[in-house]
$ cat data00.cif   # mmCIF, C-alpha atoms
data_protein
loop_
_atom_site.group_PDB
_atom_site.id
_atom_site.type_symbol
_atom_site.label_atom_id
_atom_site.label_comp_id
_atom_site.auth_asym_id
_atom_site.auth_seq_id
_atom_site.Cartn_x
_atom_site.Cartn_y
_atom_site.Cartn_z
ATOM 1 C CA MET A 1 2.615 -25.004 -22.955
ATOM 2 C CA MET A 2 2.756 -23.719 -19.348
ATOM 3 C CA THR A 3 0.372 -21.079 -18.048
ATOM 4 C CA MET A 4 1.421 -18.418 -15.564
ATOM 5 C CA ARG A 5 -0.372 -19.052 -12.253
ATOM 6 C CA MET A 6 -0.474 -17.220 -8.926
ATOM 7 C CA THR A 7 0.903 -18.909 -5.813
ATOM 8 C CA TYR A 8 -0.199 -17.881 -2.324
ATOM 9 C CA LEU A 9 3.048 -15.917 -1.978
ATOM 10 C CA ASP A 10 2.296 -14.121 -5.260
ATOM 11 C CA TRP A 11 -1.138 -13.118 -3.974
ATOM 12 C CA ALA A 12 0.413 -11.818 -0.732
ATOM 13 C CA LEU A 13 2.951 -9.777 -2.695
ATOM 14 C CA LEU A 14 0.196 -8.445 -4.981
ATOM 15 C CA PHE A 15 -1.787 -7.163 -1.991
ATOM 16 C CA LEU A 16 1.383 -5.651 -0.483
ATOM 17 C CA LEU A 17 2.147 -3.948 -3.797
ATOM 18 C CA SER A 18 -1.378 -2.496 -3.908
ATOM 19 C CA LEU A 19 -0.813 -0.993 -0.439
ATOM 20 C CA LEU A 20 2.511 0.544 -1.489
ATOM 21 C CA TRP A 21 1.086 2.008 -4.704
ATOM 22 C CA GLY A 22 -2.141 3.052 -2.967
ATOM 23 C CA GLY A 23 0.011 5.090 -0.583
ATOM 24 C CA ALA A 24 1.699 6.721 -3.576
ATOM 25 C CA PHE A 25 -1.504 8.676 -4.331
ATOM 26 C CA PHE A 26 -1.437 10.158 -0.821
ATOM 27 C CA PHE A 27 2.262 11.045 -0.935
ATOM 28 C CA ALA A 28 1.929 12.531 -4.425
ATOM 29 C CA ALA A 29 -1.130 14.586 -3.408
ATOM 30 C CA VAL A 30 0.911 16.213 -0.617
ATOM 31 C CA ALA A 31 3.972 16.767 -2.833
ATOM 32 C CA VAL A 32 2.186 18.385 -5.803
ATOM 33 C CA ARG A 33 0.715 21.076 -3.568
ATOM 34 C CA GLU A 34 4.155 22.696 -3.575
ATOM 35 C CA LEU A 35 6.040 21.090 -6.468
ATOM 36 C CA PRO A 36 5.082 20.777 -10.174
ATOM 37 C CA PRO A 37 4.267 17.238 -11.407
ATOM 38 C CA LEU A 38 7.335 16.616 -13.590
ATOM 39 C CA THR A 39 9.637 17.712 -10.773
ATOM 40 C CA VAL A 40 7.894 15.258 -8.451
ATOM 41 C CA VAL A 41 8.348 12.469 -11.029
ATOM 42 C CA LEU A 42 12.048 13.342 -11.408
ATOM 43 C CA ALA A 43 12.608 13.390 -7.648
ATOM 44 C CA ARG A 44 10.638 10.159 -7.271
ATOM 45 C CA THR A 45 12.650 8.184 -9.805
ATOM 46 C CA GLY A 46 16.020 9.757 -8.922
ATOM 47 C CA LEU A 47 15.765 9.150 -5.175
ATOM 48 C CA ALA A 48 14.356 5.653 -5.755
ATOM 49 C CA ALA A 49 17.296 4.810 -8.031
ATOM 50 C CA LEU A 50 19.733 6.108 -5.398
ATOM 51 C CA ALA A 51 18.079 3.926 -2.746
ATOM 52 C CA LEU A 52 18.376 0.855 -4.984
ATOM 53 C CA VAL A 53 22.089 1.551 -5.584
ATOM 54 C CA PHE A 54 22.620 1.052 -1.844
ATOM 55 C CA VAL A 55 20.424 -2.069 -1.888
ATOM 56 C CA LEU A 56 22.493 -3.638 -4.681
ATOM 57 C CA ARG A 57 25.730 -2.766 -2.852
ATOM 58 C CA ILE A 58 24.489 -4.411 0.348
ATOM 59 C CA MET A 59 23.271 -7.497 -1.537
ATOM 60 C CA GLY A 60 26.520 -7.732 -3.500
ATOM 61 C CA GLU A 61 24.733 -7.703 -6.872
ATOM 62 C CA ALA A 62 26.427 -6.466 -10.044
ATOM 63 C CA TRP A 63 25.747 -3.192 -11.840
ATOM 64 C CA PRO A 64 22.955 -4.073 -14.333
ATOM 65 C CA PHE A 65 23.895 -1.776 -17.240
ATOM 66 C CA ARG A 66 25.434 -4.051 -19.827
ATOM 67 C CA GLY A 67 24.822 -5.157 -23.400
ATOM 68 C CA LYS A 68 21.261 -5.380 -24.638
ATOM 69 C CA ALA A 69 19.889 -4.604 -21.196
ATOM 70 C CA ILE A 70 20.576 -0.876 -21.719
ATOM 71 C CA PRO A 71 18.079 -0.239 -24.574
ATOM 72 C CA ALA A 72 15.599 -2.513 -22.784
ATOM 73 C CA PHE A 73 15.860 -0.343 -19.662
ATOM 74 C CA LEU A 74 15.237 2.787 -21.738
ATOM 75 C CA ILE A 75 12.106 1.311 -23.346
ATOM 76 C CA MET A 76 10.871 0.021 -19.982
ATOM 77 C CA GLY A 77 11.518 3.422 -18.432
ATOM 78 C CA VAL A 78 9.249 5.079 -21.000
ATOM 79 C CA LEU A 79 6.479 2.453 -20.793
ATOM 80 C CA ASN A 80 6.497 1.817 -17.041
ATOM 81 C CA ASN A 81 7.448 5.214 -15.589
ATOM 82 C CA LEU A 82 7.707 8.240 -17.842
ATOM 83 C CA LEU A 83 4.315 7.948 -19.569
ATOM 84 C CA PRO A 84 2.152 6.395 -16.800
ATOM 85 C CA PHE A 85 3.638 8.657 -14.097
ATOM 86 C CA SER A 86 3.228 11.877 -16.089
ATOM 87 C CA LEU A 87 -0.038 11.387 -18.016
ATOM 88 C CA PRO A 88 -2.346 10.880 -14.976
ATOM 89 C CA PHE A 89 -0.916 13.975 -13.243
ATOM 90 C CA TRP A 90 -1.720 16.009 -16.342
ATOM 91 C CA ALA A 91 -5.105 14.331 -16.808
ATOM 92 C CA GLN A 92 -6.252 15.192 -13.292
ATOM 93 C CA THR A 93 -6.073 18.878 -14.152
ATOM 94 C CA MET A 94 -9.030 18.201 -16.485
ATOM 95 C CA ILE A 95 -10.995 15.246 -15.052
ATOM 96 C CA PRO A 96 -12.043 14.096 -11.544
ATOM 97 C CA SER A 97 -9.667 11.821 -9.638
ATOM 98 C CA GLY A 98 -12.395 9.166 -9.331
ATOM 99 C CA LEU A 99 -12.739 8.941 -13.096
ATOM 100 C CA ALA A 100 -8.941 8.837 -13.459
ATOM 101 C CA SER A 101 -8.816 5.895 -11.023
ATOM 102 C CA ILE A 102 -11.484 4.002 -12.956
ATOM 103 C CA LEU A 103 -9.682 4.559 -16.249
ATOM 104 C CA ASN A 104 -6.429 3.390 -14.622
ATOM 105 C CA ALA A 105 -8.210 0.167 -13.663
ATOM 106 C CA THR A 106 -8.504 -0.723 -17.368
ATOM 107 C CA THR A 107 -4.822 -1.771 -17.217
ATOM 108 C CA PRO A 108 -5.593 -5.518 -16.818
ATOM 109 C CA ILE A 109 -7.893 -5.342 -19.857
ATOM 110 C CA PHE A 110 -5.063 -3.967 -22.002
ATOM 111 C CA ALA A 111 -2.629 -6.422 -20.381
ATOM 112 C CA ILE A 112 -4.710 -9.510 -21.129
ATOM 113 C CA ILE A 113 -5.186 -8.492 -24.797
ATOM 114 C CA ILE A 114 -1.510 -7.634 -25.361
ATOM 115 C CA ALA A 115 -0.242 -10.721 -23.528
ATOM 116 C CA HIS A 116 -2.615 -12.977 -25.493
ATOM 117 C CA PHE A 117 -0.957 -12.012 -28.766
ATOM 118 C CA CYS A 118 2.626 -11.605 -27.512
ATOM 119 C CA LEU A 119 3.226 -14.245 -24.814
ATOM 120 C CA ALA A 120 2.779 -17.973 -25.414
ATOM 121 C CA ASP A 121 2.175 -18.754 -21.716
ATOM 122 C CA GLU A 122 -0.405 -15.992 -21.100
ATOM 123 C CA ARG A 123 -3.193 -16.781 -23.540
ATOM 124 C CA MET A 124 -6.610 -15.336 -22.781
ATOM 125 C CA ALA A 125 -8.600 -17.756 -20.620
ATOM 126 C CA PRO A 126 -12.358 -17.518 -19.903
ATOM 127 C CA ASN A 127 -11.842 -17.308 -16.140
ATOM 128 C CA LYS A 128 -9.361 -14.423 -16.546
ATOM 129 C CA ALA A 129 -11.622 -12.467 -18.885
ATOM 130 C CA LEU A 130 -14.623 -12.994 -16.572
ATOM 131 C CA GLY A 131 -12.592 -12.146 -13.472
ATOM 132 C CA ILE A 132 -11.221 -8.917 -14.946
ATOM 133 C CA ALA A 133 -14.747 -7.893 -16.018
ATOM 134 C CA PHE A 134 -16.022 -8.468 -12.453
ATOM 135 C CA GLY A 135 -13.052 -6.594 -11.025
ATOM 136 C CA PHE A 136 -13.424 -3.615 -13.351
ATOM 137 C CA PHE A 137 -17.131 -3.207 -12.588
ATOM 138 C CA GLY A 138 -16.254 -3.554 -8.913
ATOM 139 C CA VAL A 139 -13.909 -0.564 -9.232
ATOM 140 C CA VAL A 140 -16.651 1.423 -11.007
ATOM 141 C CA VAL A 141 -19.098 0.665 -8.159
ATOM 142 C CA LEU A 142 -16.447 1.308 -5.502
ATOM 143 C CA LEU A 143 -15.590 4.749 -6.864
ATOM 144 C CA GLY A 144 -19.058 5.603 -8.161
ATOM 145 C CA GLY A 145 -19.647 8.330 -5.604
ATOM 146 C CA ASN A 146 -16.512 10.187 -6.712
ATOM 147 C CA LEU A 147 -17.125 9.816 -10.431
ATOM 148 C CA LEU A 148 -19.156 13.002 -10.778
ATOM 149 C CA ASP A 149 -16.798 15.289 -8.810
ATOM 150 C CA GLY A 150 -15.963 18.314 -10.932
ATOM 151 C CA SER A 151 -17.826 20.303 -13.562
ATOM 152 C CA GLY A 152 -17.372 17.965 -16.514
ATOM 153 C CA PHE A 153 -15.155 15.537 -18.333
ATOM 154 C CA ALA A 154 -12.447 16.456 -20.824
ATOM 155 C CA LEU A 155 -11.899 13.955 -23.622
ATOM 156 C CA THR A 156 -8.153 14.657 -23.714
ATOM 157 C CA GLY A 157 -7.856 13.907 -19.993
ATOM 158 C CA MET A 158 -9.705 10.622 -20.384
ATOM 159 C CA LEU A 159 -7.517 9.647 -23.347
ATOM 160 C CA ALA A 160 -4.415 10.500 -21.315
ATOM 161 C CA CYS A 161 -5.496 8.112 -18.533
ATOM 162 C CA LEU A 162 -6.281 5.383 -21.049
ATOM 163 C CA GLY A 163 -2.863 6.011 -22.612
ATOM 164 C CA ALA A 164 -1.247 5.492 -19.212
ATOM 165 C CA ALA A 165 -3.191 2.231 -18.720
ATOM 166 C CA LEU A 166 -2.166 1.033 -22.189
ATOM 167 C CA SER A 167 1.459 1.925 -21.410
ATOM 168 C CA TYR A 168 1.320 -0.136 -18.198
ATOM 169 C CA GLY A 169 -0.159 -3.048 -20.166
ATOM 170 C CA LEU A 170 2.661 -2.867 -22.711
ATOM 171 C CA ALA A 171 5.252 -2.567 -19.922
ATOM 172 C CA GLY A 172 4.031 -5.762 -18.262
ATOM 173 C CA THR A 173 4.457 -7.767 -21.455
ATOM 174 C CA TYR A 174 7.753 -6.107 -22.419
ATOM 175 C CA GLY A 175 9.162 -6.552 -18.908
ATOM 176 C CA ARG A 176 8.929 -10.334 -19.136
ATOM 177 C CA ARG A 177 12.123 -10.293 -21.285
ATOM 178 C CA PHE A 178 14.289 -9.397 -18.278
ATOM 179 C CA ARG A 179 13.676 -12.876 -16.900
ATOM 180 C CA SER A 180 15.823 -14.360 -19.688
ATOM 181 C CA MET A 181 18.626 -11.824 -19.131
ATOM 182 C CA GLY A 182 19.528 -13.256 -15.734
ATOM 183 C CA LEU A 183 18.778 -9.991 -13.902
ATOM 184 C CA SER A 184 17.320 -9.883 -10.391
ATOM 185 C CA PRO A 185 14.181 -7.835 -9.595
ATOM 186 C CA ALA A 186 16.339 -5.229 -7.812
ATOM 187 C CA GLN A 187 18.664 -4.929 -10.833
ATOM 188 C CA VAL A 188 15.752 -4.462 -13.241
ATOM 189 C CA ALA A 189 14.097 -1.943 -10.937
ATOM 190 C CA LEU A 190 17.319 0.072 -10.714
ATOM 191 C CA GLY A 191 17.959 -0.082 -14.457
ATOM 192 C CA GLN A 192 14.569 1.245 -15.524
ATOM 193 C CA LEU A 193 14.554 3.927 -12.795
ATOM 194 C CA VAL A 194 17.989 5.228 -13.803
ATOM 195 C CA ALA A 195 16.843 5.283 -17.449
ATOM 196 C CA THR A 196 13.687 7.197 -16.512
ATOM 197 C CA THR A 197 15.632 9.691 -14.412
ATOM 198 C CA ILE A 198 17.994 10.419 -17.308
ATOM 199 C CA MET A 199 15.031 11.058 -19.608
ATOM 200 C CA MET A 200 13.174 13.170 -17.032
ATOM 201 C CA VAL A 201 16.054 15.588 -16.378
ATOM 202 C CA PRO A 202 15.683 17.566 -19.654
ATOM 203 C CA LEU A 203 11.873 17.429 -19.502
ATOM 204 C CA ALA A 204 11.625 18.755 -15.940
ATOM 205 C CA SER A 205 14.382 21.298 -16.568
ATOM 206 C CA LEU A 206 12.696 22.655 -19.688
ATOM 207 C CA ILE A 207 9.116 22.738 -18.419
ATOM 208 C CA ASP A 208 9.307 23.156 -14.611
ATOM 209 C CA GLN A 209 12.721 24.825 -14.167
ATOM 210 C CA PRO A 210 12.957 23.357 -10.631
ATOM 211 C CA TRP A 211 15.932 25.541 -9.636
ATOM 212 C CA THR A 212 13.577 28.556 -9.658
ATOM 213 C CA LEU A 213 11.118 26.983 -7.182
ATOM 214 C CA ALA A 214 10.819 27.913 -3.524
ATOM 215 C CA ILE A 215 12.210 25.446 -0.993
ATOM 216 C CA PRO A 216 9.342 23.043 -0.176
ATOM 217 C CA SER A 217 8.074 22.397 3.340
ATOM 218 C CA ALA A 218 9.192 19.479 5.504
ATOM 219 C CA ALA A 219 5.883 17.703 4.796
ATOM 220 C CA ALA A 220 6.418 17.935 1.025
ATOM 221 C CA ILE A 221 10.023 16.714 1.304
ATOM 222 C CA GLU A 222 9.010 13.795 3.520
ATOM 223 C CA SER A 223 6.238 12.878 1.072
ATOM 224 C CA VAL A 224 8.657 12.858 -1.883
ATOM 225 C CA VAL A 225 11.128 10.676 0.047
ATOM 226 C CA ALA A 226 8.369 8.226 1.060
ATOM 227 C CA LEU A 227 7.062 8.234 -2.513
ATOM 228 C CA ALA A 228 10.541 7.387 -3.804
ATOM 229 C CA VAL A 229 11.745 4.846 -1.245
ATOM 230 C CA VAL A 230 8.543 3.045 -0.224
ATOM 231 C CA SER A 231 6.137 3.470 -3.143
ATOM 232 C CA THR A 232 8.763 3.250 -5.910
ATOM 233 C CA ALA A 233 12.041 1.531 -4.958
ATOM 234 C CA LEU A 234 10.531 -1.176 -2.745
ATOM 235 C CA ALA A 235 7.361 -1.415 -4.846
ATOM 236 C CA TYR A 236 9.302 -2.002 -8.075
ATOM 237 C CA VAL A 237 11.411 -4.775 -6.563
ATOM 238 C CA ILE A 238 8.128 -6.521 -5.694
ATOM 239 C CA PHE A 239 6.631 -5.663 -9.107
ATOM 240 C CA PHE A 240 9.478 -7.256 -11.089
ATOM 241 C CA ARG A 241 9.528 -10.260 -8.754
ATOM 242 C CA LEU A 242 5.807 -10.757 -9.507
ATOM 243 C CA LEU A 243 6.302 -10.161 -13.222
ATOM 244 C CA ALA A 244 8.830 -13.002 -13.375
ATOM 245 C CA SER A 245 6.824 -15.475 -11.289
ATOM 246 C CA ALA A 246 3.166 -14.639 -12.019
ATOM 247 C CA GLY A 247 3.208 -12.990 -15.453
ATOM 248 C CA ALA A 248 2.055 -9.706 -16.957
ATOM 249 C CA VAL A 249 -1.716 -10.181 -16.687
ATOM 250 C CA ASN A 250 -1.688 -11.352 -13.077
ATOM 251 C CA THR A 251 0.640 -8.536 -12.026
ATOM 252 C CA ALA A 252 -1.619 -5.972 -13.734
ATOM 253 C CA LEU A 253 -4.383 -6.973 -11.306
ATOM 254 C CA VAL A 254 -2.762 -4.625 -8.799
ATOM 255 C CA THR A 255 -4.599 -1.707 -10.471
ATOM 256 C CA LEU A 256 -7.906 -3.280 -9.380
ATOM 257 C CA LEU A 257 -6.661 -3.502 -5.785
ATOM 258 C CA ILE A 258 -5.179 -0.002 -5.441
ATOM 259 C CA PRO A 259 -8.612 1.695 -4.962
ATOM 260 C CA VAL A 260 -9.477 -1.031 -2.426
ATOM 261 C CA SER A 261 -6.280 -0.302 -0.494
ATOM 262 C CA ALA A 262 -6.875 3.451 -0.563
ATOM 263 C CA ILE A 263 -10.437 3.131 0.743
ATOM 264 C CA LEU A 264 -9.549 0.580 3.439
ATOM 265 C CA LEU A 265 -6.566 2.646 4.613
ATOM 266 C CA GLY A 266 -8.845 5.675 4.856
ATOM 267 C CA ALA A 267 -11.362 3.695 6.913
ATOM 268 C CA LEU A 268 -8.708 2.248 9.240
ATOM 269 C CA PHE A 269 -6.499 5.279 9.846
ATOM 270 C CA LEU A 270 -8.631 8.316 8.967
ATOM 271 C CA GLY A 271 -11.963 7.142 10.387
ATOM 272 C CA GLU A 272 -13.697 7.367 7.011
ATOM 273 C CA ALA A 273 -17.013 5.486 6.937
ATOM 274 C CA LEU A 274 -17.670 2.786 4.337
ATOM 275 C CA ALA A 275 -20.878 3.199 2.333
ATOM 276 C CA ALA A 276 -23.002 0.388 0.885
ATOM 277 C CA ARG A 277 -21.426 0.846 -2.571
ATOM 278 C CA HIS A 278 -17.983 0.238 -1.040
ATOM 279 C CA TYR A 279 -19.034 -3.176 0.236
ATOM 280 C CA ALA A 280 -20.684 -3.986 -3.106
ATOM 281 C CA GLY A 281 -17.563 -2.931 -5.028
ATOM 282 C CA LEU A 282 -15.289 -4.935 -2.716
ATOM 283 C CA ALA A 283 -17.510 -7.995 -3.209
ATOM 284 C CA LEU A 284 -17.344 -7.684 -7.013
ATOM 285 C CA ILE A 285 -13.566 -7.258 -6.967
ATOM 286 C CA GLY A 286 -13.220 -10.225 -4.614
ATOM 287 C CA ALA A 287 -15.385 -12.362 -6.925
ATOM 288 C CA GLY A 288 -13.240 -11.316 -9.874
ATOM 289 C CA LEU A 289 -9.988 -12.228 -8.114
ATOM 290 C CA LEU A 290 -11.401 -15.619 -7.086
ATOM 291 C CA ALA A 291 -12.442 -16.280 -10.701
ATOM 292 C CA ILE A 292 -8.966 -15.374 -11.962
ATOM 293 C CA ASP A 293 -7.252 -17.542 -9.345
ATOM 294 C CA GLY A 294 -9.501 -20.496 -10.264
ATOM 295 C CA ARG A 295 -8.599 -22.742 -7.321
ATOM 296 C CA LEU A 296 -11.872 -22.245 -5.425
ATOM 297 C CA ILE A 297 -13.915 -22.905 -8.574
ATOM 298 C CA ARG A 298 -11.968 -26.124 -9.236
ATOM 299 C CA ARG A 299 -12.534 -27.301 -5.660
ATOM 300 C CA ILE A 300 -16.283 -26.609 -5.890
ATOM 301 C CA ARG A 301 -16.450 -28.615 -9.130
ATOM 302 C CA ARG A 302 -14.631 -31.539 -7.539
#
$ encode --input "data00.cif" --output "structure tokens"
Amino acid sequence: MMTMRMTYLDWALLFLLSLLWGGAFFFAAVAVRELPPLTVVLARTGLAALALVFVLRIMGEAWPFRGKAIPAFLIMGVLNNLLPFSLPFWAQTMIPSGLASILNATTPIFAIIIAHFCLADERMAPNKALGIAFGFFGVVVLLGGNLLDGSGFALTGMLACLGAALSYGLAGTYGRRFRSMGLSPAQVALGQLVATTIMMVPLASLIDQPWTLAIPSAAAIESVVALAVVSTALAYVIFFRLLASAGAVNTALVTLLIPVSAILLGALFLGEALAARHYAGLALIGAGLLAIDGRLIRRIRR
């Protein structure tokens, strides 16, 4: 039985993906100042799907909607986009963003449990369990200063964030099936985004009624476009490439790195100072990733 392992290229792509998805929080924060959450999700998936149509045309790849891929795209759209995009937006109306980020970082925990029972080549290994524990506590330390922002915690908001993390964990395991369908990462990304967009149209129309909204500012429009093209279309091509080569559990590690990316980007480009807890959290996350990778530990033993 083979075990899914991370190559150096996989690690590079994982860090790149964390930067792209870390930027999504910034773009979304600008967009939701003027647009309701479900409208932002609809615009995000619709524009991202349109961008990937052009990518597939340029690459000369076939239209991916055929046979049993269609219901698989619909299920993946619910698990990987509709639920985890919408639930955190709603949750952050009740709980602090720092707590939402910590709860989102439970994704690898759900992923490793689900994959253990559903995927023969992703059984739970001691180094993975230990590494994810280190990484999760690193995120808690990293975001500890933001945890108490707000007047209190709402149980429903916390459950919504955990539901989003569980949905991501299920999506990682379910998404492994596309590897056997002969579809490229770009084809899978397009398929699930088109499926999500179709499902979001009635939801956004019923709840937000976007045609009644005022025309957003240039900053909001630019943020939605960047959210769609950079943090969704490009990010999902990388995500499905990683899912095929590194597996569901390893790909889920990106949720541990997203807070790292956000804090480092703030320090580099916004002049935000790093506190002692940031360095401690980064060290714990780094130790967790090294434990999961396993190569350094094996070299030390030899």
$ closest_residue --input "data00.cif" --among "A:Ala283, A:Ala228, A:Ile258, A:Ala246" --to "Asp121 of chain A" --atoms "all atoms listed in the file"
A:Ala246
$ closest_residue --input "data00.cif" --among "A:Leu13, A:Leu42, A:Tyr236, A:Thr156" --to "Ile95 of chain A" --atoms "all atoms listed in the file"
A:Thr156
$ atom_distance --input "data00.cif" --atom1 "atom CA of Leu206 of chain A" --atom2 "atom CA of Val53 of chain A"
27.1 Å
$ atom_distance --input "data00.cif" --atom1 "atom CA of Val188 of chain A" --atom2 "atom CA of Val237 of chain A"
8.0 Å
$ atom_distance --input "data00.cif" --atom1 "atom CA of Arg57 of chain A" --atom2 "atom CA of Leu193 of chain A"
16.4 Å
$ residues_around --input "data00.cif" --residues "segment 179-183 of chain A" --least-positions-apart "5" --cutoff "8 Å" --atoms "only C-alpha atoms" --output "list in words"
Pro64, Ala69, Val188 and Ala244 of chain A
$ resolve_selection --input "data00.cif" --expression "the PyMOL selection byres ((chain A and resi 33) around 12)" --output "list in words"
Phe26, Phe27, Ala28, Ala29, Val30, Ala31, Val32, Glu34, Leu35, Pro36, Pro37, Thr39, Val40, Pro216, Ser217, Ala219, Ala220, Ile221, Ser223 and Val224 of chain A
$ closest_residue --input "data00.cif" --among "A:Leu83, A:Ala226, A:Leu130, A:Ile215" --to "Gly169 of chain A" --atoms "all atoms listed in the file"
A:Leu83
$ resolve_selection --input "data00.cif" --expression "the PyMOL selection byres ((chain A and resi 262) around 9)" --output "ChimeraX atom specification"
/A:18-19,22-23,25-26,257-261,263-267
$ closest_residue --input "data00.cif" --among "A:Tyr168, A:Trp211, A:Tyr174, A:Phe54" --to "Asn81 of chain A" --atoms "all atoms listed in the file"
A:Tyr168
$ resolve_selection --input "data00.cif" --expression "the PyMOL selection byres ((chain A and resi 164) around 10)" --output "PyMOL selection string"
chain A and resi 79-88+91+103-104+106-107+158-163+165-170
$ residues_around --input "data00.cif" --residues "Ala186 of chain A" --least-positions-apart "2" --cutoff "10 Å" --atoms "all atoms listed in the file" --output "MDAnalysis selection string"
chainID A and resid 52:53 55:56 59 61 64 183:184 188:191 233:234 236:241
$ closest_residue --input "data00.cif" --among "A:Ala235, A:Leu213, A:Ala105, A:Arg5" --to "Gly138 of chain A" --atoms "all atoms listed in the file"
A:Ala105
$ closest_residue --input "data00.cif" --among "A:Val230, A:Ala51, A:Phe137, A:Met6" --to "Gly281 of chain A" --atoms "only C-alpha atoms"
A:Phe137
$ axis_aligned_box --input "data00.cif" --around "segment 206-223 of chain A" --padding-each-side "8 Å" --output "JSON"
{"center_x": 10.9, "center_y": 20.7, "center_z": -7.1, "size_x": 26.0, "size_y": 31.7, "size_z": 41.2}
